[in-house]
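Quick look at my_file-v7.cif (mmCIF, C-alpha atoms):
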```cif
data_start
#
loop_
_atom_site.group_PDB
_atom_site.id
_atom_site.type_symbol
_atom_site.label_atom_id
_atom_site.label_comp_id
_atom_site.auth_asym_id
_atom_site.auth_seq_id
_atom_site.Cartn_x
_atom_site.Cartn_y
_atom_site.Cartn_z
ATOM 1 C CA MET A 1 -31.279 27.398 80.992
ATOM 2 C CA ASN A 2 -33.574 27.852 78.005
ATOM 3 C CA ALA A 3 -33.569 24.959 75.568
ATOM 4 C CA THR A 4 -32.452 25.436 71.975
ATOM 5 C CA GLU A 5 -34.851 23.605 69.712
ATOM 6 C CA ILE A 6 -33.239 22.617 66.403
ATOM 7 C CA THR A 7 -35.309 20.939 63.722
ATOM 8 C CA VAL A 8 -33.493 19.248 60.843
ATOM 9 C CA GLU A 9 -36.122 17.312 58.932
ATOM 10 C CA PRO A 10 -34.996 14.570 56.582
ATOM 11 C CA GLY A 11 -35.754 15.248 52.918
ATOM 12 C CA VAL A 12 -36.306 19.031 53.092
ATOM 13 C CA PRO A 13 -33.502 21.640 52.814
ATOM 14 C CA PHE A 14 -34.392 23.588 55.960
ATOM 15 C CA VAL A 15 -32.959 24.105 59.408
ATOM 16 C CA ASP A 16 -35.233 25.668 62.031
ATOM 17 C CA VAL A 17 -34.010 26.940 65.375
ATOM 18 C CA VAL A 18 -36.246 28.235 68.173
ATOM 19 C CA ARG A 19 -34.832 29.757 71.348
ATOM 20 C CA GLU A 20 -36.309 31.854 74.166
ATOM 21 C CA PHE A 21 -34.406 34.714 75.863
ATOM 22 C CA ASP A 22 -35.069 36.410 79.203
ATOM 23 C CA ALA A 23 -34.850 39.876 77.665
ATOM 24 C CA PRO A 24 -37.087 42.301 75.761
ATOM 25 C CA ARG A 25 -37.187 42.043 72.007
ATOM 26 C CA ASP A 26 -35.346 45.282 71.201
ATOM 27 C CA LEU A 27 -32.360 44.142 73.228
ATOM 28 C CA VAL A 28 -32.211 40.742 71.512
ATOM 29 C CA PHE A 29 -32.497 42.557 68.188
ATOM 30 C CA ARG A 30 -29.589 44.868 69.105
ATOM 31 C CA ALA A 31 -27.481 41.823 69.996
ATOM 32 C CA HIS A 32 -28.095 40.514 66.467
ATOM 33 C CA THR A 33 -27.502 43.782 64.582
ATOM 34 C CA GLU A 34 -24.757 45.690 66.466
ATOM 35 C CA PRO A 35 -21.352 44.184 65.637
ATOM 36 C CA GLU A 36 -19.799 45.166 68.986
ATOM 37 C CA LEU A 37 -22.501 43.055 70.681
ATOM 38 C CA LEU A 38 -22.453 40.277 68.073
ATOM 39 C CA VAL A 39 -18.780 39.504 68.668
ATOM 40 C CA GLN A 40 -19.545 38.911 72.342
ATOM 41 C CA TRP A 41 -21.788 35.921 71.752
ATOM 42 C CA LEU A 42 -21.814 34.440 68.247
ATOM 43 C CA GLY A 43 -19.836 31.213 67.919
ATOM 44 C CA PRO A 44 -18.132 28.953 70.438
ATOM 45 C CA ARG A 45 -16.023 30.700 73.082
ATOM 46 C CA LYS A 46 -12.854 28.934 71.862
ATOM 47 C CA TYR A 47 -13.006 30.914 68.599
ATOM 48 C CA GLN A 48 -12.068 34.563 68.341
ATOM 49 C CA MET A 49 -14.932 36.289 66.562
ATOM 50 C CA ILE A 50 -13.856 38.992 64.117
ATOM 51 C CA VAL A 51 -16.375 41.148 62.227
ATOM 52 C CA ASP A 52 -14.833 42.189 58.920
ATOM 53 C CA ARG A 53 -17.908 43.938 57.495
ATOM 54 C CA TRP A 54 -21.379 44.504 58.944
ATOM 55 C CA GLU A 55 -23.901 46.687 57.085
ATOM 56 C CA PRO A 56 -27.384 45.817 58.403
ATOM 57 C CA ARG A 57 -29.416 47.585 55.697
ATOM 58 C CA ASP A 58 -31.046 46.527 52.427
ATOM 59 C CA GLY A 59 -28.258 45.352 50.126
ATOM 60 C CA GLY A 60 -25.588 45.762 52.810
ATOM 61 C CA GLY A 61 -22.834 43.185 53.049
ATOM 62 C CA TRP A 62 -21.563 41.267 56.048
ATOM 63 C CA ARG A 63 -18.548 39.093 56.767
ATOM 64 C CA TYR A 64 -17.175 37.596 59.947
ATOM 65 C CA ILE A 65 -14.419 35.177 60.845
ATOM 66 C CA HIS A 66 -14.115 32.544 63.552
ATOM 67 C CA ARG A 67 -10.394 32.177 64.381
ATOM 68 C CA ASP A 68 -9.189 29.184 66.363
ATOM 69 C CA ALA A 69 -6.223 29.027 68.767
ATOM 70 C CA ASP A 70 -3.898 27.857 65.956
ATOM 71 C CA GLY A 71 -4.787 30.893 63.816
ATOM 72 C CA ASN A 72 -7.005 28.998 61.385
ATOM 73 C CA ASP A 73 -9.797 31.178 60.004
ATOM 74 C CA TRP A 74 -13.346 30.086 59.227
ATOM 75 C CA GLY A 75 -14.944 32.869 57.185
ATOM 76 C CA PHE A 76 -18.634 33.492 56.535
ATOM 77 C CA HIS A 77 -20.238 36.191 54.423
ATOM 78 C CA GLY A 78 -23.461 37.318 52.779
ATOM 79 C CA VAL A 79 -25.862 40.169 52.062
ATOM 80 C CA PHE A 80 -28.784 41.659 53.985
ATOM 81 C CA HIS A 81 -32.085 41.625 52.096
ATOM 82 C CA GLY A 82 -34.404 44.374 53.318
ATOM 83 C CA THR A 83 -33.455 46.596 56.229
ATOM 84 C CA PRO A 84 -33.474 44.341 59.310
ATOM 85 C CA THR A 85 -36.364 44.759 61.746
ATOM 86 C CA PRO A 86 -37.205 42.679 64.833
ATOM 87 C CA ASP A 87 -39.984 41.053 62.779
ATOM 88 C CA ASP A 88 -37.804 40.153 59.849
ATOM 89 C CA MET A 89 -34.048 40.002 59.449
ATOM 90 C CA VAL A 90 -33.204 38.293 56.156
ATOM 91 C CA GLN A 91 -29.690 37.581 54.960
ATOM 92 C CA THR A 92 -27.852 35.255 52.676
ATOM 93 C CA PHE A 93 -25.221 33.086 54.341
ATOM 94 C CA GLU A 94 -22.212 31.393 52.790
ATOM 95 C CA PHE A 95 -19.484 29.408 54.544
ATOM 96 C CA GLU A 96 -16.261 30.238 52.721
ATOM 97 C CA GLY A 97 -15.126 26.625 53.109
ATOM 98 C CA ALA A 98 -17.976 25.610 50.785
ATOM 99 C CA PRO A 99 -18.181 28.429 48.224
ATOM 100 C CA GLY A 100 -21.280 28.591 46.067
ATOM 101 C CA HIS A 101 -23.473 26.939 48.700
ATOM 102 C CA VAL A 102 -25.628 29.864 49.775
ATOM 103 C CA SER A 103 -28.467 29.681 52.256
ATOM 104 C CA LEU A 104 -31.181 32.228 52.947
ATOM 105 C CA ASN A 105 -31.565 32.836 56.668
ATOM 106 C CA SER A 106 -34.408 34.699 58.318
ATOM 107 C CA LEU A 107 -34.800 35.686 61.954
ATOM 108 C CA ARG A 108 -38.099 36.664 63.558
ATOM 109 C CA LEU A 109 -38.217 37.905 67.141
ATOM 110 C CA GLU A 110 -41.471 37.410 68.985
ATOM 111 C CA GLU A 111 -42.029 39.249 72.275
ATOM 112 C CA ARG A 112 -44.070 37.530 74.950
ATOM 113 C CA ASP A 113 -44.459 39.030 78.455
ATOM 114 C CA GLY A 114 -41.152 40.880 78.273
ATOM 115 C CA ARG A 115 -39.363 37.774 77.032
ATOM 116 C CA THR A 116 -38.324 37.068 73.474
ATOM 117 C CA ILE A 117 -38.630 33.985 71.318
ATOM 118 C CA ALA A 118 -36.217 33.893 68.400
ATOM 119 C CA HIS A 119 -37.271 31.910 65.325
ATOM 120 C CA VAL A 120 -34.499 31.150 62.827
ATOM 121 C CA HIS A 121 -35.414 29.597 59.480
ATOM 122 C CA ALA A 122 -32.622 28.673 57.063
ATOM 123 C CA VAL A 123 -33.338 27.563 53.495
ATOM 124 C CA PHE A 124 -30.576 25.782 51.568
ATOM 125 C CA GLN A 125 -30.279 25.063 47.850
ATOM 126 C CA SER A 126 -30.648 21.323 48.452
ATOM 127 C CA VAL A 127 -30.707 18.792 51.270
ATOM 128 C CA GLU A 128 -27.095 17.869 50.425
ATOM 129 C CA ALA A 129 -26.032 21.525 50.557
ATOM 130 C CA ARG A 130 -27.701 21.920 53.919
ATOM 131 C CA ASP A 131 -25.858 18.909 55.280
ATOM 132 C CA ALA A 132 -22.495 19.992 53.855
ATOM 133 C CA ASN A 133 -22.802 23.596 54.989
ATOM 134 C CA VAL A 134 -23.992 22.772 58.460
ATOM 135 C CA ALA A 135 -21.219 20.218 58.936
ATOM 136 C CA GLY A 136 -18.484 22.566 57.646
ATOM 137 C CA GLY A 137 -16.423 24.232 60.332
ATOM 138 C CA MET A 138 -18.418 22.611 63.094
ATOM 139 C CA ALA A 139 -16.689 19.260 63.027
ATOM 140 C CA ASP A 140 -14.555 19.652 66.117
ATOM 141 C CA GLY A 141 -17.575 20.144 68.333
ATOM 142 C CA MET A 142 -18.750 16.698 67.411
ATOM 143 C CA THR A 143 -16.833 14.693 69.971
ATOM 144 C CA GLU A 144 -18.783 16.206 72.848
ATOM 145 C CA GLY A 145 -22.305 15.749 74.059
ATOM 146 C CA TYR A 146 -22.662 12.005 74.058
ATOM 147 C CA GLN A 147 -25.459 12.102 76.556
ATOM 148 C CA ARG A 148 -27.581 14.092 74.141
ATOM 149 C CA LEU A 149 -26.438 11.845 71.322
ATOM 150 C CA ASP A 150 -28.371 8.912 72.717
ATOM 151 C CA GLU A 151 -31.541 10.997 72.914
ATOM 152 C CA LEU A 152 -30.983 12.112 69.331
ATOM 153 C CA ILE A 153 -30.528 8.554 68.168
ATOM 154 C CA VAL A 154 -33.850 7.632 69.699
ATOM 155 C CA ARG A 155 -35.541 10.633 68.119
ATOM 156 C CA LEU A 156 -34.014 10.026 64.694
ATOM 157 C CA ALA A 157 -35.026 6.401 64.756
ATOM 158 C CA ALA A 158 -38.556 7.071 65.994
ATOM 159 C CA PRO A 159 -41.342 6.783 63.433
ATOM 160 C CA VAL A 160 -42.963 10.028 62.305
ATOM 161 C CA ASN A 161 -46.621 10.120 63.291
ATOM 162 C CA MET B 1 -20.107 15.788 54.697
ATOM 163 C CA SER B 2 -19.010 12.381 53.487
ATOM 164 C CA ASP B 3 -20.965 10.531 50.823
ATOM 165 C CA GLN B 4 -21.638 7.784 53.338
ATOM 166 C CA LEU B 5 -23.351 10.283 55.629
ATOM 167 C CA SER B 6 -25.520 11.456 52.702
ATOM 168 C CA VAL B 7 -26.509 7.845 52.074
ATOM 169 C CA VAL B 8 -27.385 7.447 55.766
ATOM 170 C CA PHE B 9 -29.533 10.567 55.752
ATOM 171 C CA GLY B 10 -31.171 9.413 52.530
ATOM 172 C CA ALA B 11 -32.016 6.108 54.164
ATOM 173 C CA LEU B 12 -33.393 7.889 57.237
ATOM 174 C CA ALA B 13 -35.547 10.197 55.090
ATOM 175 C CA ASP B 14 -38.318 7.594 54.895
ATOM 176 C CA PRO B 15 -40.708 7.130 57.867
ATOM 177 C CA THR B 16 -41.180 3.399 57.214
ATOM 178 C CA ARG B 17 -37.409 2.857 57.296
ATOM 179 C CA ARG B 18 -37.120 4.831 60.546
ATOM 180 C CA ALA B 19 -39.897 2.703 62.009
ATOM 181 C CA ILE B 20 -38.020 -0.452 60.910
ATOM 182 C CA LEU B 21 -34.868 0.788 62.680
ATOM 183 C CA ALA B 22 -36.856 1.580 65.818
ATOM 184 C CA ARG B 23 -38.253 -1.982 65.842
ATOM 185 C CA LEU B 24 -34.817 -3.532 65.234
ATOM 186 C CA ALA B 25 -33.531 -1.663 68.284
ATOM 187 C CA GLY B 26 -35.516 -4.264 70.252
ATOM 188 C CA GLY B 27 -33.778 -7.223 68.569
ATOM 189 C CA ASP B 28 -33.231 -8.996 65.251
ATOM 190 C CA LEU B 29 -36.321 -9.682 63.146
ATOM 191 C CA SER B 30 -37.232 -11.474 59.918
ATOM 192 C CA VAL B 31 -38.848 -9.811 56.913
ATOM 193 C CA ALA B 32 -42.218 -11.343 57.809
ATOM 194 C CA GLU B 33 -41.975 -10.093 61.375
ATOM 195 C CA LEU B 34 -40.969 -6.635 60.180
ATOM 196 C CA ALA B 35 -43.782 -6.481 57.609
ATOM 197 C CA ALA B 36 -46.509 -7.486 60.065
ATOM 198 C CA PRO B 37 -47.360 -4.052 61.585
ATOM 199 C CA PHE B 38 -47.098 -2.177 58.274
ATOM 200 C CA ALA B 39 -49.684 -1.814 55.511
ATOM 201 C CA VAL B 40 -47.026 -2.750 52.954
ATOM 202 C CA SER B 41 -46.056 -6.024 51.310
ATOM 203 C CA GLN B 42 -43.040 -8.143 52.217
ATOM 204 C CA PRO B 43 -41.321 -7.252 48.890
ATOM 205 C CA ALA B 44 -41.763 -3.555 49.761
ATOM 206 C CA ILE B 45 -40.206 -4.167 53.188
ATOM 207 C CA SER B 46 -37.368 -6.058 51.472
ATOM 208 C CA ARG B 47 -36.690 -3.024 49.294
ATOM 209 C CA HIS B 48 -36.527 -0.805 52.389
ATOM 210 C CA LEU B 49 -34.155 -3.304 54.045
ATOM 211 C CA LYS B 50 -31.917 -3.193 50.977
ATOM 212 C CA VAL B 51 -31.652 0.613 51.301
ATOM 213 C CA LEU B 52 -30.894 0.338 55.019
ATOM 214 C CA GLU B 53 -28.287 -2.336 54.334
ATOM 215 C CA GLY B 54 -26.695 -0.145 51.631
ATOM 216 C CA ALA B 55 -26.398 2.666 54.154
ATOM 217 C CA GLY B 56 -24.762 0.281 56.621
ATOM 218 C CA LEU B 57 -27.603 0.805 59.075
ATOM 219 C CA ILE B 58 -28.431 -2.881 59.249
ATOM 220 C CA SER B 59 -26.735 -6.172 58.548
ATOM 221 C CA ARG B 60 -28.558 -9.324 57.471
ATOM 222 C CA THR B 61 -27.920 -12.898 58.467
ATOM 223 C CA ARG B 62 -29.619 -16.225 57.770
ATOM 224 C CA ARG B 63 -31.146 -18.332 60.503
ATOM 225 C CA ALA B 64 -32.533 -21.552 59.017
ATOM 226 C CA THR B 65 -34.888 -20.343 56.258
ATOM 227 C CA ALA B 66 -35.457 -16.840 57.710
ATOM 228 C CA ARG B 67 -33.245 -13.919 56.871
ATOM 229 C CA LEU B 68 -32.785 -11.736 59.950
ATOM 230 C CA SER B 69 -32.085 -8.013 60.000
ATOM 231 C CA HIS B 70 -29.812 -6.566 62.650
ATOM 232 C CA LEU B 71 -29.511 -2.888 63.633
ATOM 233 C CA ARG B 72 -26.008 -1.424 63.273
ATOM 234 C CA ALA B 73 -25.565 1.631 65.469
ATOM 235 C CA ARG B 74 -22.371 3.145 64.077
ATOM 236 C CA PRO B 75 -23.694 5.001 60.978
ATOM 237 C CA LEU B 76 -26.607 6.311 63.033
ATOM 238 C CA ARG B 77 -24.107 7.554 65.546
ATOM 239 C CA ASP B 78 -22.100 9.338 62.820
ATOM 240 C CA ALA B 79 -25.289 10.966 61.572
ATOM 241 C CA THR B 80 -26.261 12.184 65.013
ATOM 242 C CA GLU B 81 -22.735 13.363 65.838
ATOM 243 C CA TRP B 82 -23.063 15.677 62.874
ATOM 244 C CA LEU B 83 -26.242 17.107 64.378
ATOM 245 C CA VAL B 84 -24.609 17.431 67.792
ATOM 246 C CA GLY B 85 -21.879 19.650 66.302
ATOM 247 C CA TYR B 86 -24.458 22.042 64.923
ATOM 248 C CA ARG B 87 -26.440 21.975 68.163
ATOM 249 C CA GLU B 88 -23.373 22.745 70.263
ATOM 250 C CA TYR B 89 -22.481 25.712 68.081
ATOM 251 C CA TRP B 90 -25.883 27.300 68.651
ATOM 252 C CA GLU B 91 -26.295 26.250 72.261
ATOM 253 C CA GLU B 92 -22.956 27.731 73.236
ATOM 254 C CA SER B 93 -23.661 30.907 71.229
ATOM 255 C CA TYR B 94 -27.061 31.345 72.867
ATOM 256 C CA LEU B 95 -25.695 30.731 76.372
ATOM 257 C CA ARG B 96 -23.230 33.542 75.702
ATOM 258 C CA LEU B 97 -26.083 35.711 74.391
ATOM 259 C CA ASP B 98 -28.043 35.017 77.617
ATOM 260 C CA ALA B 99 -25.103 36.334 79.643
ATOM 261 C CA LEU B 100 -24.685 39.380 77.395
ATOM 262 C CA LEU B 101 -28.414 40.228 77.560
ATOM 263 C CA ALA B 102 -28.347 39.881 81.366
ATOM 264 C CA SER B 103 -25.369 42.235 81.702
ATOM 265 C CA LEU B 104 -26.885 44.749 79.252
ATOM 266 C CA GLN B 105 -30.095 44.784 81.273
ATOM 267 C CA ALA B 106 -28.209 45.119 84.574
ATOM 268 C CA THR B 107 -26.198 48.148 83.437
ATOM 269 C CA SER B 108 -29.233 49.922 81.953
ATOM 270 C CA ARG B 109 -31.276 49.478 85.142
ATOM 271 C CA VAL B 110 -31.228 52.221 87.805
ATOM 272 C CA LEU B 111 -29.891 50.520 90.890
ATOM 273 C CA PRO B 112 -31.367 51.172 94.354
ATOM 274 C CA PRO B 113 -29.049 53.304 96.626
ATOM 275 C CA GLU B 114 -27.947 50.347 98.783
ATOM 276 C CA ARG B 115 -26.836 48.339 95.768
ATOM 277 C CA ASN B 116 -24.921 51.348 94.464
ATOM 278 C CA LYS B 117 -23.114 51.680 97.781
ATOM 279 C CA GLU B 118 -22.096 48.051 97.700
ATOM 280 C CA GLN B 119 -20.765 48.430 94.199
ATOM 281 C CA ASP B 120 -18.739 51.496 95.230
ATOM 282 C CA ARG B 121 -16.834 49.563 97.886
#
```

Now that the file is in, can you turn its structure into structure tokens?
Amino acid sequence: MNATEITVEPGVPFVDVVREFDAPRDLVFRAHTEPELLVQWLGPRKYQMIVDRWEPRDGGGWRYIHRDADGNDWGFHGVFHGTPTPDDMVQTFEFEGAPGHVSLNSLRLEERDGRTIAHVHAVFQSVEARDANVAGGMADGMTEGYQRLDELIVRLAAPVN
Amino acid sequence: MSDQLSVVFGALADPTRRAILARLAGGDLSVAELAAPFAVSQPAISRHLKVLEGAGLISRTRRATARLSHLRARPLRDATEWLVGYREYWEESYLRLDALLASLQATSRVLPPERNKEQDR
């Protein structure tokens, strides 16, 4: 399994995610831009993923919904800035549970020996907005993963060199 | 995110305060003991301890004339649980993407005749 590297630095309104895939870049790009592929992977399996609007071109809108087993909807929407390419897919992102808190997300796909490294960089309006947006809708996943929690505690508490 | 969590993250935003927490993980220490490895004064350390105490990350007790600081794990745990939720969202999504990419590559590949036969059965 490839590790997902998530960097959430204190004091700056960014979230960075780096993840490697055992697939060529054009395929990873298709999985991010074609809605019929997107619904097959984005979000936890327990949510039904519904794409309401998906226009991957400059100025095109997007909206999708995560629906849980009880029928509760978690909606997200935004706009594409520039026509997406594997080098640069830029979109605004807003969780409808926290309206007005908009982040700017960019995805860069780097091909290396037939494999692909995805770099996600999200910029929020403030550190507080980052924390609120990231926490929204994700809360029920929080009771799991206690083994990793201990590692995170150590890392959070470690001095920055 | 609760206000308390914001206060915790604010307290953790400083490298000296994170270093203090890391040292307290090894046991309770006085201000003088905490100040020793740092190039900052005891009053400066006291100010950092006040922030950590305000965030609930440490508690302070008196032992004779020394005032000891004690690491409290709960707020740190809340803060990291928040991160775990985000991590799980992406890890599960990317595991699903791995499977999708593998199946897309398998169906686009021309299979050797023997494999095709097996699939036909």

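Relative to CA of Leu101 (chain B), CA of Val120 (chain A) is found at 18.3 Å.
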
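Proximity ranking of A:Gly59, A:Thr7, A:Ile117, A:Pro13 relative to Arg130 (chain A) places A:Pro13 first, based on all atoms listed in the file.
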
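Here the question is which of B:Arg18, B:Val7, B:Gly26, B:Ala35 gets nearest to chain A using all atoms listed in the file, and that residue is B:Arg18.
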
**OP:** Name every residue that the PyMOL selection byres ((chain B) within 8 of (chain A)) selects in this structure, writing the answer as a PyMOL selection string with chains first and numbers rising.
**Re:** chain B and resi 1+6+9-10+12-16+18-19+21-22+76-77+80-82+84-98+100-102+105

**OP:** Would you write out, as a PyMOL selection string, every residue that the PyMOL selection byres ((chain B and resi 38-50) around 9) captures in this file?
**Re:** chain B and resi 11+14+16-17+20+31-32+34-37+51-55+58+60+69

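Between CA of Val8 (chain B) and CA of Phe76 (chain A) there is a distance of 27.5 Å.
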
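Picture a line from CA of Arg112 (chain A) to CA of Met89 (chain A); it runs 18.6 Å.
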
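For Gly27 (chain B), the residues within 8 Å (counting only C-alpha atoms, excluding itself and residues fewer than 3 positions away along the chain) are Arg23, Leu24, His70 and Leu71 of chain B.
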
**OP:** Carefully work through the PyMOL selection byres ((chain A and resi 88) around 7) for this structure and note down the residues it includes, as a list in words.
**Re:** Pro84, Thr85, Pro86, Asp87, Met89, Val90, Ser106, Leu107 and Arg108 of chain A

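Restricting the calculation to only C-alpha atoms, the smallest distance between Pro75 (chain B) and any of B:Ser30, B:Ser103, B:Gly56, B:Thr61 is found for B:Gly56.
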
**OP:** Give me the residues within 12 Å of Gly100 (chain A) as a list in words, counting all atoms listed in the file and dropping any in the same chain fewer than 2 places off.
**Re:** Phe76, His77, Gly78, Thr92, Phe93, Glu94, Phe95, Glu96, Gly97, Ala98, Val102, Ser103, Phe124, Gln125, Ala129, Ala132 and Asn133 of chain A

Grab all the atoms of region 11-27 of chain B that the file lists, wrap them in a box along x, y and z, add 3 Å per side, and give me centre plus edge lengths in Å (one decimal) as AutoDock Vina command-line options.
```
--center_x -36.6 --center_y 1.5 --center_z 62.2 --size_x 15.2 --size_y 23.4 --size_z 22.1
```
